[in-house]
Each structure stands twice: as C-alpha cells, then as structure tokens.
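**Q** This structure is in structure tokens; I'll ask about it shortly.
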Amino acid sequence: MNKYWLVPLLLSPLLANADTSSTITLASDYLFNGVSQSKEDEVIQVSLDWLGDTGWYAGGWVSKVDFGDGTDFEGDIYGGYKFTLVDNVTLDIGVSQYTYHGDDVSSEYNYAETYAKLGYGHTSLDFWYAWDYFGTGAGHGIVMLTHTLVLDDNWSITLGVDHSMSFDSDKFEWESEDDDYTHWHLTGTYAINSWSMSLGYESNDIDSYADSTFLLSISTVIDW
C-alpha cells in the first residue's frame, strides 16, 4: 500500500486528546474548481481535522485522482488561523501543501498554496495563490465568491462562482492563448445529524475542460 494513503492517520499522535473530526465523502466525481481530477469517475475522500479553542487549525485530506499518467492519489496537508474581525465578519488565513502519488513523475505536480477567506454571515469571499502551480513554476490565483441560503434546519442552497488565472502564461496556460477561466455551481444540500447529501449543477467556460455536469456527494462526519 502506498504509505501516503495514511497521511491523515500520521497526524493522529499530534492531535490526540484534542478537538478532532474526520469527514468521509463518496462523490460521483472529483471536481477541482469545475475541472475533473478523476476522469469523471466516482471517488472516496477522507479528511482528519483539528480545531483549537483559539482559532488555530490543522488537517489532512486524501482523494483518488486519475491524471492518465499513473498518478492516482492526492494527499494534502493544511493549517491556518481563523478569527473574528468584527461582528459577523471572520478571516481565515492559511497554507496548503498538495502532493500527488502513484508514478515516479507524480511528485513533480506537488505545490504549495496560501489562502485568505473573508466570511460575512453565510457569504464568503476567498483567495488562493500558488507560486509554483502544479510544479510548472507559474504563479496562479483563484478568487471565489459563495453564498448559502439556509432554508431550514436541514435544507440549504449554495451558489458559488470562481475565477482561476495564471500569472505566467509562458509557463502555464489552461489552454492555448487562454490563461484563465470561470466556473460556477448551484448546489442543494440536505443535512441531518452527522450526515449530508448534496446535488449540484456545475459548469465552466474553458473549452478544453468544458463540461456542464451534475455532482452528487454523500458525507458523514465522525467526532473523535
């Protein structure tokens, strides 16, 4: 077994006796800002997360991928700090490390990313920046705006739109002479106790990856 499947488990000794939880998700596809990472196949995804009383947090996340070159697994670690700026306004800042596994060339895709997420009630404006996007040496940014409409204790609807852009088109382009694209989704979620089920409609405007699709996922949260 590839040892990186155990990334979240390796964090357990560090996070023992703390406020930890795991989320297990079965999804019909792994969409990363509207672009399939699994060739539109279903995936299982698992996270392990710790949240401290002061706002610090850390975690790990694993998922199946399929890049067609033998890369079949993604393992990420992340950490940051979330705090309240003023009433109903929060700021979440942190850093993530993406790693890829399965073939000798898979690790060449590894990259780190910083992020800042500004929240107001059920609305969030998020930013990500990577200085070596997918190992290409290109600077890359993403900006995302999401709003969730809470219908009742169980039902909610989320509308989100994000824009991805390369800052070094000579090193990375999404397609020839096109270094950016926009993705949006409309997702309905039903949650009860520790379980949730979501069905979303997703679309983007990049020709090489353009594929409007429905995304179905079922998740459960386990508190440790």
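Labels used: A, B, ... for chains in the order of the structure tokens, numbers from 1 for residues in each chain, and numbers from 1 for ligands as shown.
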Return as an NGL selection string the full set of residues in range 10-213 of chain A whose backbone-based DSSP assignment is strand (DSSP E).

**A** :A and (20-27 or 31-32 or 35-36 or 43-51 or 56-64 or 73-86 or 89-101 or 111-120 or 123-130 or 140-150 or 155-166 or 180-192 or 195-204 or 213)

**Q** How would the residues just picked look written out with C-alpha atoms as a short mmCIF file (atom, residue, chain, number, x, y, z; two decimals), in the first residue's frame?

**A**
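Produced file part-v5.cif, reproduced below:
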```cif
data_model
loop_
_atom_site.label_atom_id
_atom_site.label_comp_id
_atom_site.auth_asym_id
_atom_site.auth_seq_id
_atom_site.Cartn_x
_atom_site.Cartn_y
_atom_site.Cartn_z
CA THR A 20 -10.63 16.31 16.13
CA SER A 21 -13.04 15.04 13.49
CA SER A 22 -12.99 13.13 10.23
CA THR A 23 -15.16 13.60 7.17
CA ILE A 24 -15.72 10.70 4.78
CA THR A 25 -17.20 11.57 1.39
CA LEU A 26 -18.36 9.47 -1.53
CA ALA A 27 -18.71 11.63 -4.66
CA LEU A 31 -14.14 18.45 -9.37
CA PHE A 32 -11.39 20.96 -8.61
CA VAL A 35 -12.28 20.53 -13.67
CA SER A 36 -12.45 16.77 -13.11
CA VAL A 43 -14.14 8.91 -5.65
CA ILE A 44 -13.82 8.39 -1.91
CA GLN A 45 -12.32 11.27 0.05
CA VAL A 46 -11.26 11.31 3.70
CA SER A 47 -10.11 14.15 5.96
CA LEU A 48 -8.80 14.44 9.50
CA ASP A 49 -9.19 17.89 11.09
CA TRP A 50 -8.26 19.54 14.36
CA LEU A 51 -9.67 22.85 15.58
CA TRP A 56 -5.79 27.61 15.05
CA TYR A 57 -6.49 24.51 12.98
CA ALA A 58 -4.68 21.80 11.00
CA GLY A 59 -5.64 18.82 8.93
CA GLY A 60 -5.02 16.32 6.18
CA TRP A 61 -7.12 15.18 3.22
CA VAL A 62 -6.82 12.32 0.74
CA SER A 63 -8.62 11.52 -2.52
CA LYS A 64 -8.42 9.29 -5.54
CA PHE A 73 -3.74 9.61 -5.43
CA GLU A 74 -3.70 13.10 -3.91
CA GLY A 75 -2.76 13.78 -0.30
CA ASP A 76 -2.89 17.30 1.15
CA ILE A 77 -2.00 18.88 4.46
CA TYR A 78 -3.07 22.33 5.60
CA GLY A 79 -3.13 24.64 8.57
CA GLY A 80 -4.19 28.13 9.44
CA TYR A 81 -5.87 30.56 11.79
CA LYS A 82 -9.50 31.73 11.74
CA PHE A 83 -10.62 34.67 13.82
CA THR A 84 -13.34 37.31 14.10
CA LEU A 85 -12.58 40.78 12.75
CA VAL A 86 -15.86 42.43 13.80
CA VAL A 89 -17.07 39.06 9.88
CA THR A 90 -14.35 36.41 10.02
CA LEU A 91 -10.94 36.00 8.39
CA ASP A 92 -9.34 32.62 7.73
CA ILE A 93 -5.70 32.58 6.61
CA GLY A 94 -3.52 29.56 6.00
CA VAL A 95 -1.34 27.44 3.77
CA SER A 96 -1.87 24.11 1.98
CA GLN A 97 0.57 21.58 0.53
CA TYR A 98 -0.73 19.45 -2.35
CA THR A 99 1.06 16.16 -3.06
CA TYR A 100 0.46 13.57 -5.80
CA HIS A 101 1.42 9.91 -5.90
CA TYR A 111 2.90 22.54 -4.95
CA ALA A 112 2.08 24.80 -2.02
CA GLU A 113 -0.62 27.43 -1.83
CA THR A 114 -1.59 30.25 0.52
CA TYR A 115 -5.16 31.40 1.07
CA ALA A 116 -7.33 34.01 2.75
CA LYS A 117 -11.09 33.61 3.26
CA LEU A 118 -13.28 36.52 4.31
CA GLY A 119 -16.66 35.50 5.70
CA TYR A 120 -19.76 37.53 6.44
CA THR A 123 -21.31 34.67 2.36
CA SER A 124 -17.62 34.04 1.73
CA LEU A 125 -15.02 35.75 -0.49
CA ASP A 126 -11.94 33.53 -0.82
CA PHE A 127 -8.50 33.95 -2.42
CA TRP A 128 -5.76 31.40 -3.19
CA TYR A 129 -2.25 31.99 -4.52
CA ALA A 130 0.33 29.40 -5.64
CA HIS A 140 -1.53 31.15 -10.16
CA GLY A 141 -4.51 32.68 -8.38
CA ILE A 142 -8.12 31.81 -7.68
CA VAL A 143 -10.88 34.09 -6.38
CA MET A 144 -14.21 32.62 -5.26
CA LEU A 145 -17.49 34.10 -4.08
CA THR A 146 -20.11 31.84 -2.45
CA HIS A 147 -23.41 32.45 -0.71
CA THR A 148 -25.50 29.88 1.14
CA LEU A 149 -29.23 30.27 1.59
CA VAL A 150 -30.36 28.35 4.68
CA TRP A 155 -32.01 22.17 3.74
CA SER A 156 -29.69 24.75 2.19
CA ILE A 157 -28.77 26.03 -1.27
CA THR A 158 -25.31 27.34 -2.21
CA LEU A 159 -24.43 29.43 -5.24
CA GLY A 160 -20.73 29.84 -5.99
CA VAL A 161 -18.60 31.35 -8.74
CA ASP A 162 -14.80 31.27 -9.01
CA HIS A 163 -12.20 32.53 -11.45
CA SER A 164 -8.82 30.81 -11.95
CA MET A 165 -5.93 32.65 -13.60
CA SER A 166 -2.28 32.05 -14.47
CA ASP A 180 -7.92 31.91 -17.16
CA TYR A 181 -11.45 30.52 -16.86
CA THR A 182 -14.62 30.90 -14.78
CA HIS A 183 -16.54 28.15 -13.02
CA TRP A 184 -19.89 28.29 -11.22
CA HIS A 185 -22.15 25.90 -9.36
CA LEU A 186 -25.58 25.71 -7.77
CA THR A 187 -25.79 23.08 -5.02
CA GLY A 188 -28.59 21.87 -2.79
CA THR A 189 -27.73 20.12 0.47
CA TYR A 190 -29.78 18.08 2.91
CA ALA A 191 -28.12 17.52 6.30
CA ILE A 192 -29.31 15.53 9.29
CA TRP A 195 -24.81 13.06 7.53
CA SER A 196 -25.26 15.29 4.50
CA MET A 197 -26.17 14.72 0.85
CA SER A 198 -25.53 17.30 -1.88
CA LEU A 199 -26.56 17.55 -5.51
CA GLY A 200 -25.07 20.34 -7.58
CA TYR A 201 -25.01 21.56 -11.15
CA GLU A 202 -21.56 22.77 -12.25
CA SER A 203 -20.23 24.44 -15.39
CA ASN A 204 -17.16 26.29 -16.67
CA THR A 213 -22.39 18.25 -15.15
#
```

**Q** Once DSSP has gone over the backbone, tell me which residues of range 49-135 of chain A are in helix (DSSP H, G or I), as a list in words.

**A**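 DSSP-assigned helix (DSSP H, G or I) residues in range 49-135 of chain A: Ser106, Ser107, Glu108, Tyr109, Tyr133, Phe134 and Gly135 of chain A.
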
**Q** Kindly export the residues of the current selection with all heavy atoms, as a PDB file, in the first residue's frame.

**A**
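File produced: again_3.pdb:
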```pdb
ATOM      1  N   SER A 106       4.776  11.621 -10.565  1.00  0.00           N
ATOM      2  CA  SER A 106       3.644  12.234  -9.878  1.00  0.00           C
ATOM      3  C   SER A 106       4.059  13.363  -8.943  1.00  0.00           C
ATOM      4  O   SER A 106       3.376  14.390  -8.850  1.00  0.00           O
ATOM      5  CB  SER A 106       2.865  11.173  -9.091  1.00  0.00           C
ATOM      6  OG  SER A 106       2.356  10.177  -9.952  1.00  0.00           O
ATOM      7  N   SER A 107       5.178  13.199  -8.257  1.00  0.00           N
ATOM      8  CA  SER A 107       5.610  14.216  -7.292  1.00  0.00           C
ATOM      9  C   SER A 107       6.004  15.527  -7.960  1.00  0.00           C
ATOM     10  O   SER A 107       6.108  16.555  -7.286  1.00  0.00           O
ATOM     11  CB  SER A 107       6.782  13.693  -6.463  1.00  0.00           C
ATOM     12  OG  SER A 107       7.894  13.401  -7.284  1.00  0.00           O
ATOM     13  N   GLU A 108       6.219  15.508  -9.278  1.00  0.00           N
ATOM     14  CA  GLU A 108       6.546  16.744  -9.975  1.00  0.00           C
ATOM     15  C   GLU A 108       5.383  17.731  -9.968  1.00  0.00           C
ATOM     16  O   GLU A 108       5.574  18.920 -10.218  1.00  0.00           O
ATOM     17  CB  GLU A 108       6.965  16.435 -11.417  1.00  0.00           C
ATOM     18  CG  GLU A 108       8.240  15.605 -11.520  1.00  0.00           C
ATOM     19  CD  GLU A 108       8.614  15.293 -12.952  1.00  0.00           C
ATOM     20  OE1 GLU A 108       7.932  15.819 -13.874  1.00  0.00           O
ATOM     21  OE2 GLU A 108       9.578  14.533 -13.164  1.00  0.00           O
ATOM     22  N   TYR A 109       4.167  17.246  -9.692  1.00  0.00           N
ATOM     23  CA  TYR A 109       2.996  18.119  -9.630  1.00  0.00           C
ATOM     24  C   TYR A 109       2.846  18.810  -8.276  1.00  0.00           C
ATOM     25  O   TYR A 109       2.013  19.714  -8.127  1.00  0.00           O
ATOM     26  CB  TYR A 109       1.714  17.315  -9.900  1.00  0.00           C
ATOM     27  CG  TYR A 109       1.672  16.631 -11.227  1.00  0.00           C
ATOM     28  CD1 TYR A 109       1.282  15.286 -11.320  1.00  0.00           C
ATOM     29  CD2 TYR A 109       1.990  17.289 -12.400  1.00  0.00           C
ATOM     30  CE1 TYR A 109       1.220  14.635 -12.548  1.00  0.00           C
ATOM     31  CE2 TYR A 109       1.930  16.650 -13.625  1.00  0.00           C
ATOM     32  CZ  TYR A 109       1.547  15.324 -13.693  1.00  0.00           C
ATOM     33  OH  TYR A 109       1.487  14.687 -14.901  1.00  0.00           O
ATOM     34  N   TYR A 133       2.527  26.571  -9.459  1.00  0.00           N
ATOM     35  CA  TYR A 133       1.283  25.843  -9.685  1.00  0.00           C
ATOM     36  C   TYR A 133       1.517  24.529 -10.419  1.00  0.00           C
ATOM     37  O   TYR A 133       2.067  24.501 -11.527  1.00  0.00           O
ATOM     38  CB  TYR A 133       0.319  26.712 -10.479  1.00  0.00           C
ATOM     39  CG  TYR A 133      -1.092  26.181 -10.542  1.00  0.00           C
ATOM     40  CD1 TYR A 133      -1.839  26.038  -9.376  1.00  0.00           C
ATOM     41  CD2 TYR A 133      -1.671  25.816 -11.751  1.00  0.00           C
ATOM     42  CE1 TYR A 133      -3.133  25.562  -9.417  1.00  0.00           C
ATOM     43  CE2 TYR A 133      -2.974  25.338 -11.802  1.00  0.00           C
ATOM     44  CZ  TYR A 133      -3.692  25.209 -10.630  1.00  0.00           C
ATOM     45  OH  TYR A 133      -4.983  24.731 -10.665  1.00  0.00           O
ATOM     46  N   PHE A 134       1.136  23.420  -9.787  1.00  0.00           N
ATOM     47  CA  PHE A 134       1.317  22.068 -10.316  1.00  0.00           C
ATOM     48  C   PHE A 134       2.749  21.831 -10.798  1.00  0.00           C
ATOM     49  O   PHE A 134       2.981  21.108 -11.770  1.00  0.00           O
ATOM     50  CB  PHE A 134       0.325  21.791 -11.455  1.00  0.00           C
ATOM     51  CG  PHE A 134      -0.977  21.216 -10.957  1.00  0.00           C
ATOM     52  CD1 PHE A 134      -2.079  22.029 -10.785  1.00  0.00           C
ATOM     53  CD2 PHE A 134      -1.078  19.866 -10.650  1.00  0.00           C
ATOM     54  CE1 PHE A 134      -3.279  21.503 -10.315  1.00  0.00           C
ATOM     55  CE2 PHE A 134      -2.270  19.336 -10.180  1.00  0.00           C
ATOM     56  CZ  PHE A 134      -3.375  20.164 -10.007  1.00  0.00           C
ATOM     57  N   GLY A 135       3.706  22.443 -10.112  1.00  0.00           N
ATOM     58  CA  GLY A 135       5.110  22.220 -10.422  1.00  0.00           C
ATOM     59  C   GLY A 135       5.585  22.871 -11.703  1.00  0.00           C
ATOM     60  O   GLY A 135       6.680  22.553 -12.193  1.00  0.00           O
TER      61      GLY A 135
END
```

**Q** So, counting only C-alpha atoms, which residue among A:Asn110, A:Ser28, A:Gln37, A:Ser212 is closest to Asp66 in chain A?

**A**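 Closest to Asp66 in chain A of all the choices is A:Gln37.
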
**Q** Just how far from CA of Asn33 in chain A is CA of Gly139 in chain A, in Å to one decimal?

**A**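 A separation of 16.9 Å between them.
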
**Q** Please determine, counting only C-alpha atoms, which residue among A:Leu216, A:Ala138, A:Val105, A:Val221 has the shortest atom-to-atom distance to Glu40 in chain A.

**A**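 Residue with the minimum atom-to-atom distance to Glu40 in chain A: A:Leu216.
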
**Q** Measuring atom to atom with only C-alpha atoms, identify which of A:Asn193, A:Asp103, A:Phe214, A:Val65 is nearest to Asp153 in chain A.

**A** A:Asn193
